[in-house]
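> Please read through the structure below; I'll follow up with questions.
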Amino acid sequence: HAWSMHVSGRCIGVGQVACTLASHPHTLSHAPTPHARAQVWGTDNRLFEAGGKLRVQYETMVAPRALREFNLRTEGGHGEEGREGSDGGGGGGGVCWLAPTTLHVQPAPGYEQARYATRRLEVCARDGTAVPLTLLWRRDRVTTEAGLPRDAPTHLYGYGAYGVCIDPHFSSARLSLIDRGVVYAIAHVRGGGEMGHHRWYETDGKYLRKRNSFHDFVDCAAALCERGITRPGALSCEGRSAGGLLVGGSINEAPHLFCAAVAAVPFVDVMVSI
């Protein structure tokens with residue numbers, strides 16, 4: 001096996017894993033994913049003799065974290081039958097990701113994935129920037145129209161600081177809320193790193209551009225109402241620590257949009273906090 005490395009990165013805000021061969025260093029072969037918006041990242045394989053195997057973790061808002069092991073082969077190599085997917089350069093330079101073995105799935109007793117739905121939207125912020133917005137809801141508790149929730153109570157979460165990515169991930173802790181018919185939303189605002197650390201944080205999300213975090217969050221809240229997913233009287237928001245600053249700034253800018261706010265250990269009094 002002539003592997004040189006596996007690479008973890010992001011594409012349009014979604015975590016991805018790819019392999020590159022020493023013989024074709026400019027060709028990346030991406031790991032196949034079970035869901036178009038699954039977060040994917042490579043993990044450690046502490047066996048010294050890996051034998052061409054790569055371990056990858058997957059997760060979505062509705063799918064608990066799963067550890068899968070791929071057996072990799074070069075295009076034209078042995079064992080291509082039963083492969084899950086391949087891409088990359090031609091002429092034998094690509095990589096085949098053979099059908100994986102699932103090694104572990106995050107326990108979630110009583111959870112039925114088919115009951116839940118997730119969707120990623122893009123909201124056009126006031127300066128024209130496309131801000132990702134992820135939704136989660138329970139199918140039999142929320143009325144939908146054109147594949148989106150309709151007029152449902154909604155809880156909007158955000159962080160937007162230090163270049164930290166708040167990726168869509170599975171959490172059993174939020175299911176009690178979802179099971180009561182509440183839509184859970186994550187606004188991936190600037191100040192985080194979801195759309196690239198330099199662009200989303202260094203350039204547009206800190207210092208004199210920190211206001212973009214607040215504007216993005218408010219614009220996401222407004223879009224939820226404008227699209228009929230919820231309404232101001234049924235929209236709450238939440239942020240923790242630096243996310244509490246996000247909530248504080250947002251409810252001061254647009255108090256009419258929110259009926260409740262959770263600012264947990266909020267970083268809102270700089271002089272006292274420092």
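By convention here, the chains of the structure tokens are called A, B, ... in the order presented, each chain's residues are numbered starting at 1, and ligands are numbered starting at 1 in the order presented.
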Find the residues near Ala185 (chain A): any atom within 6 Å, counting only C-alpha atoms, skip ones fewer than 6 places away on the same chain, and give them as a VMD selection string.
chain A and resid 134 to 135 156
> Keeping all heavy atoms, export the residues of the selection given above as an mmCIF file, in the first residue's frame.

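The resulting file, again.cif, is reproduced below:
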data_model
loop_
_atom_site.group_PDB
_atom_site.id
_atom_site.type_symbol
_atom_site.label_atom_id
_atom_site.label_comp_id
_atom_site.auth_asym_id
_atom_site.auth_seq_id
_atom_site.Cartn_x
_atom_site.Cartn_y
_atom_site.Cartn_z
ATOM 1 N N THR A 134 -28.511 25.115 10.728
ATOM 2 C CA THR A 134 -28.899 23.706 10.778
ATOM 3 C C THR A 134 -30.143 23.526 11.638
ATOM 4 O O THR A 134 -30.228 24.096 12.727
ATOM 5 C CB THR A 134 -27.751 22.844 11.349
ATOM 6 O OG1 THR A 134 -26.578 23.041 10.560
ATOM 7 C CG2 THR A 134 -28.120 21.370 11.303
ATOM 8 N N LEU A 135 -31.093 22.747 11.141
ATOM 9 C CA LEU A 135 -32.354 22.503 11.848
ATOM 10 C C LEU A 135 -32.479 21.024 12.228
ATOM 11 O O LEU A 135 -31.999 20.143 11.512
ATOM 12 C CB LEU A 135 -33.552 22.871 10.977
ATOM 13 C CG LEU A 135 -33.608 24.286 10.396
ATOM 14 C CD1 LEU A 135 -34.881 24.442 9.557
ATOM 15 C CD2 LEU A 135 -33.560 25.327 11.486
ATOM 16 N N LEU A 156 -33.014 28.544 19.155
ATOM 17 C CA LEU A 156 -31.848 28.869 18.323
ATOM 18 C C LEU A 156 -30.591 28.943 19.185
ATOM 19 O O LEU A 156 -30.536 29.691 20.158
ATOM 20 C CB LEU A 156 -32.081 30.206 17.616
ATOM 21 C CG LEU A 156 -30.952 30.727 16.719
ATOM 22 C CD1 LEU A 156 -30.705 29.780 15.542
ATOM 23 C CD2 LEU A 156 -31.295 32.124 16.210
#
> From a DSSP pass on the backbone, collect the residues of region 46-272 of chain A flagged as strand (DSSP E) and hand them back as a PyMOL selection string.
chain A and resi 53-59+66-74+83-87+95-98+101-105+116-124+130-138+144-145+148-149+154-157+183-187+235-240+260-264
> Report as a PyMOL selection string all protein, DNA and RNA residues lying within 9 Å of Arg190 (chain A), evaluated on only C-alpha atoms, omitting residues in the same chain fewer than 5 positions from it.
chain A and resi 131+160-161+163+195+199-201+204-206+210+212-214+216-217
> What is the distance, in Å and to one decimal place, between CA of Phe267 (chain A) and CA of Gly249 (chain A)?
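Computing it gives 10.8 Å between the two atoms.
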> Would you kindly return, as number ranges by chain, each protein, DNA or RNA residue with an atom no farther than 9 Å from any atom of region 223-225 of chain A, considering only C-alpha atoms and excluding same-chain residues fewer than 4 positions away?
A: 123-124, 151, 154, 218-219, 229-232, 235, 257
> Let's have the selection written as a CSV table (one decimal), in the first residue's frame, with C-alpha atoms.

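This went into out-v9.csv:
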chain,number,residue,atom,x,y,z
A,123,VAL,CA,-29.3,32.6,5.4
A,124,CYS,CA,-28.2,35.7,3.5
A,151,ASP,CA,-45.0,27.6,12.5
A,154,THR,CA,-38.0,27.0,17.9
A,218,VAL,CA,-30.2,38.1,14.5
A,219,ASP,CA,-30.4,37.6,10.7
A,229,ILE,CA,-40.6,28.1,10.4
A,230,THR,CA,-41.4,29.9,13.6
A,231,ARG,CA,-42.6,33.4,14.8
A,232,PRO,CA,-41.3,35.9,17.2
A,235,LEU,CA,-38.6,31.8,19.2
A,257,LEU,CA,-37.6,38.5,17.8
> What separation in Å, quoted to one decimal, exists between CA of Ala18 (chain A) and CA of Thr43 (chain A)?
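Between CA of Ala18 (chain A) and CA of Thr43 (chain A) the gap works out to 12.4 Å.
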> DSSP says helix (DSSP H, G or I) for which residues of region 32-250 of chain A? Put them as a PyMOL selection string?
chain A and resi 113-115+172-178+197-203+207-209+211-226+232-234+242-250
> Residues of region 82-176 of chain A that have any atom at most 6 Å from an atom of region 239-246 of chain A: could you tabulate them with the shortest-distance atom pair and the distance in Å to one decimal, using only C-alpha atoms, ordered by chain and increasing number, as a tab-separated table?

residue	atom	partner	partner_atom	distance
A:Tyr157	CA	A:Gly239	CA	6.0
A:Gly158	CA	A:Gly239	CA	5.5
A:Tyr159	CA	A:Gly243	CA	4.0
> Can those selected residues be exported to a file as a short mmCIF file (atom, residue, chain, number, x, y, z; two decimals), in the first residue's frame so that it contains N, CA and C atoms?

data_model
loop_
_atom_site.label_atom_id
_atom_site.label_comp_id
_atom_site.auth_asym_id
_atom_site.auth_seq_id
_atom_site.Cartn_x
_atom_site.Cartn_y
_atom_site.Cartn_z
N TYR A 157 -29.58 28.15 18.82
CA TYR A 157 -28.33 28.10 19.57
C TYR A 157 -27.20 28.71 18.74
N GLY A 158 -26.26 29.37 19.43
CA GLY A 158 -25.10 29.91 18.74
C GLY A 158 -23.93 30.11 19.68
N TYR A 159 -22.74 30.24 19.11
CA TYR A 159 -21.53 30.50 19.88
C TYR A 159 -20.72 31.62 19.23
#
> Might you pull out every residue within 9 Å of Asp167 (chain A), with only C-alpha atoms counted and same-chain residues fewer than 6 positions away left off, and present them as a PDB file with all heavy atoms, in the first residue's frame?

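Resulting contents of result-v4.pdb:
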ATOM      1  N   GLY A  13     -18.154  24.103   4.916  1.00  0.00           N
ATOM      2  CA  GLY A  13     -18.545  24.033   6.316  1.00  0.00           C
ATOM      3  C   GLY A  13     -18.744  22.642   6.873  1.00  0.00           C
ATOM      4  O   GLY A  13     -19.110  22.493   8.034  1.00  0.00           O
ATOM      5  N   VAL A  14     -18.497  21.609   6.072  1.00  0.00           N
ATOM      6  CA  VAL A  14     -18.731  20.234   6.508  1.00  0.00           C
ATOM      7  C   VAL A  14     -17.402  19.502   6.621  1.00  0.00           C
ATOM      8  O   VAL A  14     -16.574  19.551   5.702  1.00  0.00           O
ATOM      9  CB  VAL A  14     -19.652  19.487   5.524  1.00  0.00           C
ATOM     10  CG1 VAL A  14     -19.887  18.058   5.974  1.00  0.00           C
ATOM     11  CG2 VAL A  14     -20.979  20.227   5.380  1.00  0.00           C
ATOM     12  N   GLY A  15     -17.181  18.806   7.754  1.00  0.00           N
ATOM     13  CA  GLY A  15     -15.955  18.060   7.948  1.00  0.00           C
ATOM     14  C   GLY A  15     -15.835  16.902   6.973  1.00  0.00           C
ATOM     15  O   GLY A  15     -16.810  16.193   6.716  1.00  0.00           O
ATOM     16  N   GLN A  39     -20.857  14.942   9.389  1.00  0.00           N
ATOM     17  CA  GLN A  39     -19.541  15.398   9.803  1.00  0.00           C
ATOM     18  C   GLN A  39     -18.617  14.184   9.818  1.00  0.00           C
ATOM     19  O   GLN A  39     -18.936  13.158  10.419  1.00  0.00           O
ATOM     20  CB  GLN A  39     -19.601  16.039  11.188  1.00  0.00           C
ATOM     21  CG  GLN A  39     -20.381  17.346  11.228  1.00  0.00           C
ATOM     22  CD  GLN A  39     -19.728  18.457  10.421  1.00  0.00           C
ATOM     23  OE1 GLN A  39     -18.503  18.546  10.337  1.00  0.00           O
ATOM     24  NE2 GLN A  39     -20.539  19.306   9.823  1.00  0.00           N
ATOM     25  N   THR A  60     -24.228  13.006  12.526  1.00  0.00           N
ATOM     26  CA  THR A  60     -25.131  14.056  12.078  1.00  0.00           C
ATOM     27  C   THR A  60     -26.019  14.431  13.253  1.00  0.00           C
ATOM     28  O   THR A  60     -25.925  13.856  14.331  1.00  0.00           O
ATOM     29  CB  THR A  60     -26.026  13.598  10.902  1.00  0.00           C
ATOM     30  OG1 THR A  60     -27.021  12.679  11.398  1.00  0.00           O
ATOM     31  CG2 THR A  60     -25.222  12.918   9.808  1.00  0.00           C
ATOM     32  N   ILE A 186     -29.197  25.565  14.946  1.00  0.00           N
ATOM     33  CA  ILE A 186     -27.854  26.062  15.235  1.00  0.00           C
ATOM     34  C   ILE A 186     -27.474  27.064  14.161  1.00  0.00           C
ATOM     35  O   ILE A 186     -27.470  26.735  12.965  1.00  0.00           O
ATOM     36  CB  ILE A 186     -26.813  24.931  15.261  1.00  0.00           C
ATOM     37  CG1 ILE A 186     -27.159  23.875  16.310  1.00  0.00           C
ATOM     38  CG2 ILE A 186     -25.419  25.500  15.550  1.00  0.00           C
ATOM     39  CD1 ILE A 186     -26.216  22.682  16.304  1.00  0.00           C
ATOM     40  N   HIS A 188     -24.544  28.969  12.540  1.00  0.00           N
ATOM     41  CA  HIS A 188     -23.088  28.860  12.443  1.00  0.00           C
ATOM     42  C   HIS A 188     -22.505  30.229  12.069  1.00  0.00           C
ATOM     43  O   HIS A 188     -22.008  30.441  10.957  1.00  0.00           O
ATOM     44  CB  HIS A 188     -22.715  27.791  11.426  1.00  0.00           C
ATOM     45  CG  HIS A 188     -23.377  26.469  11.693  1.00  0.00           C
ATOM     46  ND1 HIS A 188     -22.941  25.590  12.652  1.00  0.00           N
ATOM     47  CD2 HIS A 188     -24.478  25.888  11.123  1.00  0.00           C
ATOM     48  CE1 HIS A 188     -23.723  24.515  12.669  1.00  0.00           C
ATOM     49  NE2 HIS A 188     -24.664  24.682  11.754  1.00  0.00           N
ATOM     50  N   GLU A 194     -16.494  27.561  11.133  1.00  0.00           N
ATOM     51  CA  GLU A 194     -17.155  26.580  10.285  1.00  0.00           C
ATOM     52  C   GLU A 194     -16.848  26.765   8.795  1.00  0.00           C
ATOM     53  O   GLU A 194     -16.705  25.792   8.066  1.00  0.00           O
ATOM     54  CB  GLU A 194     -18.672  26.624  10.492  1.00  0.00           C
ATOM     55  CG  GLU A 194     -19.147  26.118  11.842  1.00  0.00           C
ATOM     56  CD  GLU A 194     -19.192  27.205  12.915  1.00  0.00           C
ATOM     57  OE1 GLU A 194     -18.524  28.250  12.737  1.00  0.00           O
ATOM     58  OE2 GLU A 194     -19.893  27.006  13.915  1.00  0.00           O
TER      59      GLU A 194
END
> Do a neighbour search on Pro64 (chain A) at 9 Å with only C-alpha atoms, toss out local chain neighbours closer than 6 positions, and write the hits as a PDB file with all heavy atoms, in the first residue's frame.

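Okay, this is what ended up in around11.pdb:
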ATOM      1  N   TYR A  58     -18.263   9.250  11.860  1.00  0.00           N
ATOM      2  CA  TYR A  58     -19.355   9.969  11.220  1.00  0.00           C
ATOM      3  C   TYR A  58     -20.354  10.407  12.278  1.00  0.00           C
ATOM      4  O   TYR A  58     -20.555   9.726  13.284  1.00  0.00           O
ATOM      5  CB  TYR A  58     -20.094   9.071  10.226  1.00  0.00           C
ATOM      6  CG  TYR A  58     -19.289   8.607   9.047  1.00  0.00           C
ATOM      7  CD1 TYR A  58     -18.476   7.483   9.132  1.00  0.00           C
ATOM      8  CD2 TYR A  58     -19.355   9.283   7.837  1.00  0.00           C
ATOM      9  CE1 TYR A  58     -17.756   7.040   8.044  1.00  0.00           C
ATOM     10  CE2 TYR A  58     -18.638   8.854   6.742  1.00  0.00           C
ATOM     11  CZ  TYR A  58     -17.839   7.724   6.848  1.00  0.00           C
ATOM     12  OH  TYR A  58     -17.128   7.292   5.768  1.00  0.00           O
ATOM     13  N   VAL A 105     -20.876   2.320  17.716  1.00  0.00           N
ATOM     14  CA  VAL A 105     -21.876   3.371  17.552  1.00  0.00           C
ATOM     15  C   VAL A 105     -22.203   3.932  18.926  1.00  0.00           C
ATOM     16  O   VAL A 105     -22.388   3.170  19.886  1.00  0.00           O
ATOM     17  CB  VAL A 105     -23.163   2.843  16.884  1.00  0.00           C
ATOM     18  CG1 VAL A 105     -24.210   3.945  16.785  1.00  0.00           C
ATOM     19  CG2 VAL A 105     -22.848   2.285  15.491  1.00  0.00           C
ATOM     20  N   GLN A 106     -22.246   5.239  19.037  1.00  0.00           N
ATOM     21  CA  GLN A 106     -22.562   5.897  20.298  1.00  0.00           C
ATOM     22  C   GLN A 106     -23.886   5.369  20.850  1.00  0.00           C
ATOM     23  O   GLN A 106     -24.913   5.419  20.164  1.00  0.00           O
ATOM     24  CB  GLN A 106     -22.655   7.407  20.069  1.00  0.00           C
ATOM     25  CG  GLN A 106     -23.073   8.224  21.276  1.00  0.00           C
ATOM     26  CD  GLN A 106     -23.283   9.698  20.920  1.00  0.00           C
ATOM     27  OE1 GLN A 106     -22.967  10.128  19.818  1.00  0.00           O
ATOM     28  NE2 GLN A 106     -23.810  10.452  21.861  1.00  0.00           N
ATOM     29  N   PRO A 107     -23.910   4.857  22.079  1.00  0.00           N
ATOM     30  CA  PRO A 107     -25.148   4.310  22.632  1.00  0.00           C
ATOM     31  C   PRO A 107     -26.225   5.384  22.791  1.00  0.00           C
ATOM     32  O   PRO A 107     -25.943   6.499  23.239  1.00  0.00           O
ATOM     33  CB  PRO A 107     -24.722   3.762  24.006  1.00  0.00           C
ATOM     34  CG  PRO A 107     -23.239   3.594  23.919  1.00  0.00           C
ATOM     35  CD  PRO A 107     -22.766   4.690  23.003  1.00  0.00           C
ATOM     36  N   ALA A 108     -27.444   5.043  22.404  1.00  0.00           N
ATOM     37  CA  ALA A 108     -28.586   5.941  22.576  1.00  0.00           C
ATOM     38  C   ALA A 108     -29.815   5.076  22.821  1.00  0.00           C
ATOM     39  O   ALA A 108     -30.640   4.873  21.922  1.00  0.00           O
ATOM     40  CB  ALA A 108     -28.781   6.826  21.348  1.00  0.00           C
ATOM     41  N   GLN A 113     -34.010   6.695  15.094  1.00  0.00           N
ATOM     42  CA  GLN A 113     -33.522   7.729  14.183  1.00  0.00           C
ATOM     43  C   GLN A 113     -34.555   8.149  13.145  1.00  0.00           C
ATOM     44  O   GLN A 113     -34.635   9.329  12.772  1.00  0.00           O
ATOM     45  CB  GLN A 113     -32.255   7.225  13.482  1.00  0.00           C
ATOM     46  CG  GLN A 113     -31.630   8.234  12.528  1.00  0.00           C
ATOM     47  CD  GLN A 113     -30.322   7.740  11.940  1.00  0.00           C
ATOM     48  OE1 GLN A 113     -29.599   6.963  12.569  1.00  0.00           O
ATOM     49  NE2 GLN A 113     -30.002   8.187  10.740  1.00  0.00           N
ATOM     50  N   HIS A 169     -24.121  17.998  15.480  1.00  0.00           N
ATOM     51  CA  HIS A 169     -23.742  16.738  16.107  1.00  0.00           C
ATOM     52  C   HIS A 169     -24.941  16.156  16.846  1.00  0.00           C
ATOM     53  O   HIS A 169     -25.884  16.866  17.185  1.00  0.00           O
ATOM     54  CB  HIS A 169     -22.575  16.936  17.081  1.00  0.00           C
ATOM     55  CG  HIS A 169     -22.923  17.768  18.283  1.00  0.00           C
ATOM     56  ND1 HIS A 169     -22.996  19.146  18.224  1.00  0.00           N
ATOM     57  CD2 HIS A 169     -23.237  17.422  19.559  1.00  0.00           C
ATOM     58  CE1 HIS A 169     -23.341  19.607  19.420  1.00  0.00           C
ATOM     59  NE2 HIS A 169     -23.496  18.593  20.238  1.00  0.00           N
ATOM     60  N   PHE A 170     -24.871  14.870  17.080  1.00  0.00           N
ATOM     61  CA  PHE A 170     -25.946  14.197  17.794  1.00  0.00           C
ATOM     62  C   PHE A 170     -25.798  14.417  19.298  1.00  0.00           C
ATOM     63  O   PHE A 170     -24.706  14.339  19.848  1.00  0.00           O
ATOM     64  CB  PHE A 170     -25.922  12.698  17.505  1.00  0.00           C
ATOM     65  CG  PHE A 170     -26.968  11.923  18.264  1.00  0.00           C
ATOM     66  CD1 PHE A 170     -28.275  11.888  17.814  1.00  0.00           C
ATOM     67  CD2 PHE A 170     -26.643  11.252  19.433  1.00  0.00           C
ATOM     68  CE1 PHE A 170     -29.244  11.191  18.517  1.00  0.00           C
ATOM     69  CE2 PHE A 170     -27.609  10.550  20.140  1.00  0.00           C
ATOM     70  CZ  PHE A 170     -28.913  10.519  19.684  1.00  0.00           C
ATOM     71  N   SER A 171     -26.926  14.703  19.956  1.00  0.00           N
ATOM     72  CA  SER A 171     -26.928  14.857  21.409  1.00  0.00           C
ATOM     73  C   SER A 171     -28.260  14.357  21.952  1.00  0.00           C
ATOM     74  O   SER A 171     -29.319  14.894  21.615  1.00  0.00           O
ATOM     75  CB  SER A 171     -26.723  16.327  21.809  1.00  0.00           C
ATOM     76  OG  SER A 171     -26.912  16.495  23.199  1.00  0.00           O
ATOM     77  N   SER A 172     -28.204  13.338  22.797  1.00  0.00           N
ATOM     78  CA  SER A 172     -29.435  12.822  23.394  1.00  0.00           C
ATOM     79  C   SER A 172     -30.030  13.811  24.382  1.00  0.00           C
ATOM     80  O   SER A 172     -31.221  13.750  24.691  1.00  0.00           O
ATOM     81  CB  SER A 172     -29.158  11.486  24.092  1.00  0.00           C
ATOM     82  OG  SER A 172     -28.160  11.629  25.100  1.00  0.00           O
TER      83      SER A 172
END
> Just give me the gap between CA of Asn252 (chain A) and CA of Leu175 (chain A) in Å, one decimal is fine.
29.3 Å
> So which residues touch region 143-147 of chain A within 12 Å, counting only C-alpha atoms, skipping near sequence neighbours fewer than 2 positions away, as a PyMOL selection string?
chain A and resi 117-121+135-141+149-153+181-183+227-230
> Print the selection's residues with N, CA and C atoms to a file, as a compact mmCIF listing (two decimals), in the first residue's frame.

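Contents of again.txt, freshly written:
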# COMPACT_ATOMS: atom_id res chain seq x y z
N ALA A 117 -35.68 14.44 11.76
CA ALA A 117 -35.22 14.98 10.48
C ALA A 117 -34.29 16.16 10.72
N THR A 118 -33.37 16.36 9.80
CA THR A 118 -32.46 17.49 9.89
C THR A 118 -32.33 18.13 8.51
N ARG A 119 -32.03 19.39 8.50
CA ARG A 119 -31.91 20.13 7.24
C ARG A 119 -30.93 21.28 7.44
N ARG A 120 -30.11 21.52 6.46
CA ARG A 120 -29.21 22.67 6.50
C ARG A 120 -29.68 23.72 5.50
N LEU A 121 -29.78 24.95 5.99
CA LEU A 121 -30.18 26.08 5.16
C LEU A 121 -29.03 27.09 5.08
N LEU A 135 -31.09 22.75 11.14
CA LEU A 135 -32.35 22.50 11.85
C LEU A 135 -32.48 21.02 12.23
N LEU A 136 -33.14 20.77 13.34
CA LEU A 136 -33.46 19.42 13.79
C LEU A 136 -34.88 19.43 14.34
N TRP A 137 -35.69 18.44 13.95
CA TRP A 137 -37.04 18.36 14.49
C TRP A 137 -37.52 16.91 14.44
N ARG A 138 -38.62 16.65 15.15
CA ARG A 138 -39.23 15.32 15.14
C ARG A 138 -40.37 15.32 14.14
N ARG A 139 -40.36 14.35 13.25
CA ARG A 139 -41.28 14.33 12.12
C ARG A 139 -42.75 14.32 12.53
N ASP A 140 -43.08 13.54 13.57
CA ASP A 140 -44.48 13.40 13.94
C ASP A 140 -44.94 14.42 14.97
N ARG A 141 -44.08 15.38 15.31
CA ARG A 141 -44.46 16.40 16.27
C ARG A 141 -44.53 17.80 15.66
N PRO A 149 -40.02 22.69 8.67
CA PRO A 149 -41.02 22.89 9.72
C PRO A 149 -41.85 24.13 9.44
N ARG A 150 -43.07 24.12 9.95
CA ARG A 150 -43.98 25.25 9.71
C ARG A 150 -44.59 25.70 11.02
N ASP A 151 -44.39 26.98 11.35
CA ASP A 151 -45.01 27.62 12.51
C ASP A 151 -44.82 26.80 13.78
N ALA A 152 -43.57 26.46 14.07
CA ALA A 152 -43.28 25.62 15.23
C ALA A 152 -42.44 26.41 16.24
N PRO A 153 -42.61 26.14 17.53
CA PRO A 153 -41.71 26.75 18.52
C PRO A 153 -40.28 26.33 18.22
N GLY A 181 -42.04 18.78 20.37
CA GLY A 181 -42.45 19.54 19.20
C GLY A 181 -41.68 20.82 18.96
N VAL A 182 -40.50 20.95 19.59
CA VAL A 182 -39.68 22.14 19.40
C VAL A 182 -38.64 21.87 18.32
N VAL A 183 -38.46 22.83 17.42
CA VAL A 183 -37.40 22.75 16.42
C VAL A 183 -36.12 23.29 17.05
N ARG A 227 -39.37 32.80 6.94
CA ARG A 227 -39.64 31.59 6.17
C ARG A 227 -40.80 30.78 6.74
N GLY A 228 -41.39 31.28 7.80
CA GLY A 228 -42.56 30.61 8.37
C GLY A 228 -42.24 29.40 9.23
N ILE A 229 -40.96 29.20 9.53
CA ILE A 229 -40.58 28.06 10.37
C ILE A 229 -41.05 28.30 11.80
N THR A 230 -40.97 29.55 12.24
CA THR A 230 -41.44 29.93 13.57
C THR A 230 -41.94 31.36 13.53
> Between A:Gly52, A:Pro100, A:Gly9, A:Gly192, single out the one closest to Pro34 (chain A), counting only C-alpha atoms.
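Under the stated criterion, the closest residue is A:Pro100.
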> Between A:Ala221, A:Ala22, A:Val268, A:Val56, which one has atoms that come closest to His256 (chain A), using only C-alpha atoms?
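The shortest atom-to-atom distance to His256 (chain A) comes from A:Ala221.
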